[in-house]
>>> print(open('model_38.cif').read())   # mmCIF, C-alpha atoms
data_start
loop_
_atom_site.group_PDB
_atom_site.id
_atom_site.type_symbol
_atom_site.label_atom_id
_atom_site.label_comp_id
_atom_site.auth_asym_id
_atom_site.auth_seq_id
_atom_site.Cartn_x
_atom_site.Cartn_y
_atom_site.Cartn_z
ATOM 1 C CA GLN A 1 -0.910 12.559 24.886
ATOM 2 C CA ASP A 2 2.646 13.170 23.701
ATOM 3 C CA CYS A 3 3.468 13.462 20.006
ATOM 4 C CA LEU A 4 4.663 10.097 18.726
ATOM 5 C CA LEU A 5 7.587 11.731 16.919
ATOM 6 C CA CYS A 6 8.908 14.558 19.103
ATOM 7 C CA ARG A 7 7.184 13.900 22.464
ATOM 8 C CA ALA A 8 5.746 17.410 22.616
ATOM 9 C CA ALA A 9 2.208 17.746 23.910
ATOM 10 C CA ALA A 10 -0.255 16.703 21.185
ATOM 11 C CA GLY A 11 -3.569 16.736 23.052
ATOM 12 C CA ASP A 12 -5.803 14.019 21.651
ATOM 13 C CA ASP A 13 -3.835 13.776 18.403
ATOM 14 C CA LEU A 14 -1.110 11.331 17.402
ATOM 15 C CA LEU A 15 1.216 14.132 16.263
ATOM 16 C CA CYS A 16 1.738 17.713 17.322
ATOM 17 C CA PRO A 17 0.888 20.319 14.641
ATOM 18 C CA ALA A 18 4.567 20.921 13.802
ATOM 19 C CA CYS A 19 5.292 17.230 13.157
ATOM 20 C CA ALA A 20 2.065 16.766 11.211
ATOM 21 C CA ASP A 21 3.032 19.679 8.953
ATOM 22 C CA ALA A 22 6.535 18.229 8.487
ATOM 23 C CA LEU A 23 5.351 14.942 7.003
ATOM 24 C CA PRO A 24 6.755 14.546 3.462
ATOM 25 C CA ARG A 25 3.686 14.794 1.242
ATOM 26 C CA LEU A 26 4.057 13.526 -2.304
ATOM 27 C CA SER A 27 3.733 16.066 -5.088
ATOM 28 C CA PRO A 28 0.566 15.699 -7.189
ATOM 29 C CA LYS A 29 2.804 15.823 -10.281
ATOM 30 C CA CYS A 30 3.306 12.073 -10.475
ATOM 31 C CA CYS A 31 2.933 9.277 -12.987
ATOM 32 C CA PRO A 32 -0.739 8.263 -12.808
ATOM 33 C CA VAL A 33 0.232 4.608 -13.106
ATOM 34 C CA CYS A 34 3.075 4.144 -10.592
ATOM 35 C CA ALA A 35 3.038 7.437 -8.612
ATOM 36 C CA LEU A 36 6.681 8.335 -9.243
ATOM 37 C CA PRO A 37 7.181 12.096 -9.754
ATOM 38 C CA THR A 38 7.109 13.159 -13.414
ATOM 39 C CA PRO A 39 7.019 16.536 -15.202
ATOM 40 C CA GLY A 40 3.423 17.545 -15.729
ATOM 41 C CA ALA A 41 2.098 14.349 -14.120
ATOM 42 C CA GLN A 42 2.771 12.450 -17.340
ATOM 43 C CA THR A 43 3.013 8.660 -17.493
ATOM 44 C CA CYS A 44 6.648 7.761 -16.833
ATOM 45 C CA GLY A 45 8.895 6.062 -19.367
ATOM 46 C CA ALA A 46 9.078 2.816 -17.395
ATOM 47 C CA CYS A 47 5.287 2.438 -17.356
ATOM 48 C CA LEU A 48 5.110 3.241 -21.075
ATOM 49 C CA ARG A 49 7.793 0.679 -21.934
ATOM 50 C CA HIS A 50 6.575 -2.059 -19.595
ATOM 51 C CA PRO A 51 3.012 -1.343 -18.443
ATOM 52 C CA PRO A 52 2.266 -3.023 -15.090
ATOM 53 C CA HIS A 53 -0.839 -5.111 -14.530
ATOM 54 C CA PHE A 54 -2.386 -2.442 -12.313
ATOM 55 C CA ASP A 55 -4.033 0.585 -13.897
ATOM 56 C CA ALA A 56 -3.307 3.436 -11.485
ATOM 57 C CA THR A 57 -1.637 4.322 -8.199
ATOM 58 C CA ARG A 58 -2.165 7.159 -5.746
ATOM 59 C CA ALA A 59 0.051 7.805 -2.710
ATOM 60 C CA VAL A 60 -0.085 10.331 0.114
ATOM 61 C CA PHE A 61 3.539 10.622 1.219
ATOM 62 C CA ARG A 62 7.124 10.069 0.169
ATOM 63 C CA TYR A 63 8.620 7.203 2.138
ATOM 64 C CA GLU A 64 11.257 9.097 4.075
ATOM 65 C CA PHE A 65 11.836 10.561 7.526
ATOM 66 C CA PRO A 66 9.771 11.077 9.611
ATOM 67 C CA LEU A 67 6.916 9.242 7.864
ATOM 68 C CA ASP A 68 9.014 6.059 7.832
ATOM 69 C CA ARG A 69 9.048 6.114 11.642
ATOM 70 C CA LEU A 70 5.265 6.147 11.758
ATOM 71 C CA VAL A 71 5.001 3.201 9.362
ATOM 72 C CA GLN A 72 7.619 1.229 11.291
ATOM 73 C CA SER A 73 5.909 1.995 14.601
ATOM 74 C CA LEU A 74 2.742 0.467 13.190
ATOM 75 C CA LYS A 75 4.293 -2.615 11.599
ATOM 76 C CA TYR A 76 6.953 -3.535 14.122
ATOM 77 C CA ALA A 77 6.032 -1.831 17.414
ATOM 78 C CA HIS A 78 2.291 -2.604 17.171
ATOM 79 C CA ARG A 79 1.298 1.036 17.686
ATOM 80 C CA LEU A 80 -2.175 0.610 16.252
ATOM 81 C CA ALA A 81 -2.996 4.207 17.109
ATOM 82 C CA SER A 82 -0.833 5.061 14.103
ATOM 83 C CA ALA A 83 -3.188 3.073 11.872
ATOM 84 C CA ASP A 84 -6.140 5.377 12.567
ATOM 85 C CA PHE A 85 -4.131 8.501 11.774
ATOM 86 C CA LEU A 86 -2.452 7.038 8.689
ATOM 87 C CA GLY A 87 -5.639 5.380 7.458
ATOM 88 C CA CYS A 88 -7.476 8.713 7.599
ATOM 89 C CA GLU A 89 -4.635 10.318 5.637
ATOM 90 C CA LEU A 90 -5.029 7.599 3.010
ATOM 91 C CA ALA A 91 -8.782 8.118 2.891
ATOM 92 C CA SER A 92 -8.220 11.857 2.323
ATOM 93 C CA LEU A 93 -7.016 11.216 -1.239
ATOM 94 C CA PRO A 94 -9.563 12.040 -3.954
ATOM 95 C CA ALA A 95 -12.160 9.318 -4.311
ATOM 96 C CA PRO A 96 -11.296 6.760 -6.988
ATOM 97 C CA SER A 97 -13.176 7.093 -10.256
ATOM 98 C CA PRO A 98 -14.791 4.838 -11.243
ATOM 99 C CA ALA A 99 -15.847 3.785 -7.747
ATOM 100 C CA PRO A 100 -14.454 0.418 -6.639
ATOM 101 C CA ASP A 101 -16.588 -2.691 -6.213
ATOM 102 C CA LEU A 102 -14.371 -3.907 -3.399
ATOM 103 C CA ILE A 103 -11.305 -2.874 -1.415
ATOM 104 C CA LEU A 104 -8.488 -5.377 -0.998
ATOM 105 C CA PRO A 105 -5.738 -4.902 1.597
ATOM 106 C CA VAL A 106 -2.578 -6.634 0.352
ATOM 107 C CA PRO A 107 -2.678 -10.031 2.111
ATOM 108 C CA LEU A 108 0.061 -11.235 4.434
ATOM 109 C CA ALA A 109 1.265 -14.835 4.400
ATOM 110 C CA ALA A 110 -0.159 -16.909 7.258
ATOM 111 C CA LEU A 111 3.169 -17.165 9.075
ATOM 112 C CA ARG A 112 3.849 -13.427 8.833
ATOM 113 C CA LEU A 113 0.314 -12.666 9.998
ATOM 114 C CA ALA A 114 0.722 -14.974 12.992
ATOM 115 C CA GLU A 115 4.034 -13.358 13.920
ATOM 116 C CA ARG A 116 2.757 -9.784 13.608
ATOM 117 C CA GLY A 117 -0.745 -10.396 14.905
ATOM 118 C CA PHE A 118 -2.418 -8.085 12.397
ATOM 119 C CA ASN A 119 -2.227 -6.958 8.779
ATOM 120 C CA GLN A 120 -1.205 -3.299 8.640
ATOM 121 C CA ALA A 121 -2.731 -2.939 5.154
ATOM 122 C CA LEU A 122 -6.113 -4.003 6.532
ATOM 123 C CA GLU A 123 -5.912 -1.468 9.354
ATOM 124 C CA LEU A 124 -5.058 1.283 6.858
ATOM 125 C CA ALA A 125 -7.916 0.218 4.586
ATOM 126 C CA ARG A 126 -10.694 0.488 7.183
ATOM 127 C CA PRO A 127 -11.191 4.297 6.991
ATOM 128 C CA LEU A 128 -10.984 4.115 3.201
ATOM 129 C CA ALA A 129 -13.672 1.432 3.062
ATOM 130 C CA ARG A 130 -15.929 3.569 5.239
ATOM 131 C CA SER A 131 -15.427 6.640 3.052
ATOM 132 C CA CYS A 132 -15.921 4.731 -0.213
ATOM 133 C CA GLY A 133 -18.792 2.581 1.007
ATOM 134 C CA ALA A 134 -17.150 -0.454 -0.609
ATOM 135 C CA PRO A 135 -16.743 -3.845 1.088
ATOM 136 C CA LEU A 136 -13.386 -5.041 2.392
ATOM 137 C CA GLU A 137 -12.189 -8.328 0.905
ATOM 138 C CA THR A 138 -10.234 -10.338 3.487
ATOM 139 C CA ARG A 139 -11.092 -13.991 2.781
ATOM 140 C CA HIS A 140 -10.883 -14.971 -0.871
ATOM 141 C CA VAL A 141 -7.544 -13.505 -1.968
ATOM 142 C CA ARG A 142 -4.543 -14.906 -0.119
ATOM 143 C CA ARG A 143 -0.772 -14.866 -0.124
ATOM 144 C CA HIS A 144 -0.224 -18.624 -0.137
ATOM 145 C CA ARG A 145 3.589 -18.546 -0.223
ATOM 146 C CA ASP A 146 5.633 -17.206 2.674
ATOM 147 C CA THR A 147 8.143 -15.296 0.560
ATOM 148 C CA THR A 148 11.343 -13.642 1.705
ATOM 149 C CA PRO A 149 10.479 -10.141 2.982
ATOM 150 C CA GLN A 150 10.711 -7.790 0.014
ATOM 151 C CA ALA A 151 12.486 -5.119 2.058
ATOM 152 C CA SER A 152 15.435 -7.463 2.577
ATOM 153 C CA LEU A 153 16.040 -8.019 -1.148
ATOM 154 C CA PRO A 154 17.736 -5.927 -3.849
ATOM 155 C CA TRP A 155 15.185 -4.152 -6.028
ATOM 156 C CA LYS A 156 15.930 -6.307 -9.085
ATOM 157 C CA GLU A 157 15.154 -9.557 -7.222
ATOM 158 C CA ARG A 158 11.775 -8.548 -5.824
ATOM 159 C CA ALA A 159 9.633 -9.425 -8.848
ATOM 160 C CA LYS A 160 11.063 -12.958 -8.960
ATOM 161 C CA ASN A 161 10.579 -13.385 -5.217
ATOM 162 C CA ILE A 162 6.882 -12.508 -5.287
ATOM 163 C CA ARG A 163 5.964 -14.401 -8.475
ATOM 164 C CA HIS A 164 2.898 -16.666 -8.029
ATOM 165 C CA ALA A 165 2.632 -15.698 -4.359
ATOM 166 C CA PHE A 166 -1.112 -14.926 -4.457
ATOM 167 C CA GLU A 167 -4.202 -17.022 -5.059
ATOM 168 C CA CYS A 168 -7.819 -16.049 -5.559
ATOM 169 C CA ASP A 169 -10.911 -18.242 -5.311
ATOM 170 C CA ILE A 170 -13.666 -15.829 -6.362
ATOM 171 C CA ASP A 171 -14.889 -14.622 -9.728
ATOM 172 C CA LEU A 172 -13.988 -10.955 -10.169
ATOM 173 C CA ALA A 173 -15.434 -10.638 -13.672
ATOM 174 C CA GLY A 174 -15.909 -6.973 -14.541
ATOM 175 C CA MET A 175 -15.093 -5.795 -11.021
ATOM 176 C CA LYS A 176 -13.053 -2.719 -10.117
ATOM 177 C CA VAL A 177 -10.684 -3.515 -7.258
ATOM 178 C CA LEU A 178 -8.971 -0.947 -5.060
ATOM 179 C CA VAL A 179 -5.803 -2.422 -3.517
ATOM 180 C CA VAL A 180 -4.407 -0.906 -0.305
ATOM 181 C CA ASP A 181 -0.846 -1.158 1.026
ATOM 182 C CA ASP A 182 1.444 0.787 3.315
ATOM 183 C CA VAL A 183 4.551 1.356 1.166
ATOM 184 C CA MET A 184 5.205 0.939 -2.559
ATOM 185 C CA THR A 185 8.873 0.487 -3.391
ATOM 186 C CA THR A 186 9.465 -1.261 -6.725
ATOM 187 C CA GLY A 187 5.780 -2.099 -7.188
ATOM 188 C CA ALA A 188 6.580 -5.802 -7.637
ATOM 189 C CA THR A 189 4.129 -6.994 -4.986
ATOM 190 C CA LEU A 190 1.319 -4.800 -6.274
ATOM 191 C CA ASP A 191 2.032 -5.834 -9.863
ATOM 192 C CA GLU A 192 1.898 -9.544 -9.019
ATOM 193 C CA LEU A 193 -1.292 -9.111 -7.026
ATOM 194 C CA ALA A 194 -2.862 -7.155 -9.896
ATOM 195 C CA ARG A 195 -1.814 -9.915 -12.310
ATOM 196 C CA THR A 196 -3.665 -12.457 -10.152
ATOM 197 C CA LEU A 197 -6.764 -10.255 -9.900
ATOM 198 C CA LYS A 198 -6.852 -9.604 -13.646
ATOM 199 C CA ALA A 199 -6.478 -13.353 -14.286
ATOM 200 C CA HIS A 200 -9.681 -13.835 -12.259
ATOM 201 C CA GLY A 201 -11.610 -11.274 -14.275
ATOM 202 C CA ALA A 202 -11.008 -7.900 -12.607
ATOM 203 C CA SER A 203 -11.536 -5.141 -15.155
ATOM 204 C CA ARG A 204 -9.543 -2.503 -13.272
ATOM 205 C CA VAL A 205 -7.027 -2.598 -10.423
ATOM 206 C CA GLU A 206 -6.083 0.666 -8.749
ATOM 207 C CA ASN A 207 -3.650 1.071 -5.855
ATOM 208 C CA ARG A 208 -3.908 3.327 -2.831
ATOM 209 C CA VAL A 209 -0.656 3.370 -0.863
ATOM 210 C CA LEU A 210 0.286 5.424 2.123
ATOM 211 C CA ALA A 211 3.841 6.123 0.944
ATOM 212 C CA ARG A 212 5.876 5.879 -2.242
ATOM 213 C CA ALA A 213 9.588 5.115 -2.030
ATOM 214 C CA LEU A 214 11.565 7.206 -4.497
ATOM 215 C CA LYS A 215 14.696 6.010 -6.232
ATOM 216 C CA ALA A 216 17.858 7.728 -5.063
#
>>> encode(input="model_38.cif", output="structure tokens")
Amino acid sequence: QDCLLCRAAAGDDLLCPACADALPRLSPKCCPVCALPTPGAQTCGACLRHPPHFDATRAVFRYEFPLDRLVQSLKYAHRLASADFLGCELASLPAPSPAPDLILPVPLAALRLAERGFNQALELARPLARSCGAPLETRHVRRHRDTTPQASLPWKERAKNIRHAFECDIDLAGMKVLVVDDVMTTGATLDELARTLKAHGASRVENRVLARALKA
């Protein structure tokens, strides 16, 4: 098949070797909490001043060209072949320690799910669940409010927009939850979801995201 990005011959792969090598991989020298680059991989000042509800975050890529095209092709052009490639990239991160009790793709609101036809976070989480041997949670944690899309809002308004958007109807007492999403921008969605999970007893919430948006 042709490379999804440059249309060169790619054989059985989604990308040709040149485009695969050009993907913007995130430096390992990042804040262990929010995955923003920091000197010496130290916890960043923002996480020290205002610790989020989640405990850790790992990301594979920086959210910039051409990785953004792959994510958009999955979410908006329904190129599910991208999900297999990107999900395997996500699963290639070092295994979480301690091991998770369950893996939770960030839920979509019912209306958004109906419009899109699938949850991209769930598709990305499948290879990770296989590699970790942990169950996928897709029924008991829901986004019960159809909020304004975060990408359409200024960064400072995103936390308010997502507040109280999630509900959970299972007891997570003492459980370690690994949350999966495609892109982390401000972290507001992941923080609110972690707040809900901790309120239902989760002892640890760690994020695995495909890409981390960096502030300009």
>>> residues_around(input="model_38.cif", residues="Ala41 in chain A", least_positions_apart="5", cutoff="8 Å", atoms="only C-alpha atoms", output="PyMOL selection string")
chain A and resi 28-32
>>> closest_residue(input="model_38.cif", among="A:Arg49, A:Lys176, A:His78, A:Arg7", to="Glu115 in chain A", atoms="all atoms listed in the file")
A:His78
>>> closest_residue(input="model_38.cif", among="A:Pro105, A:Pro98, A:Pro37, A:Gly133", to="Ser203 in chain A", atoms="all atoms listed in the file")
A:Pro98
>>> closest_residue(input="model_38.cif", among="A:Met175, A:Leu86, A:Val141, A:Leu136", to="Leu124 in chain A", atoms="all atoms listed in the file")
A:Leu86
>>> closest_residue(input="model_38.cif", among="A:Val179, A:Leu193, A:Val60, A:Ala91", to="Arg143 in chain A", atoms="all atoms listed in the file")
A:Leu193
>>> atom_distance(input="model_38.cif", atom1="CA of Asp101 in chain A", atom2="CA of Arg130 in chain A")
13.1 Å
>>> closest_residue(input="model_38.cif", among="A:Leu70, A:Ala46, A:Ala199, A:Val106", to="Cys3 in chain A", atoms="all atoms listed in the file")
A:Leu70
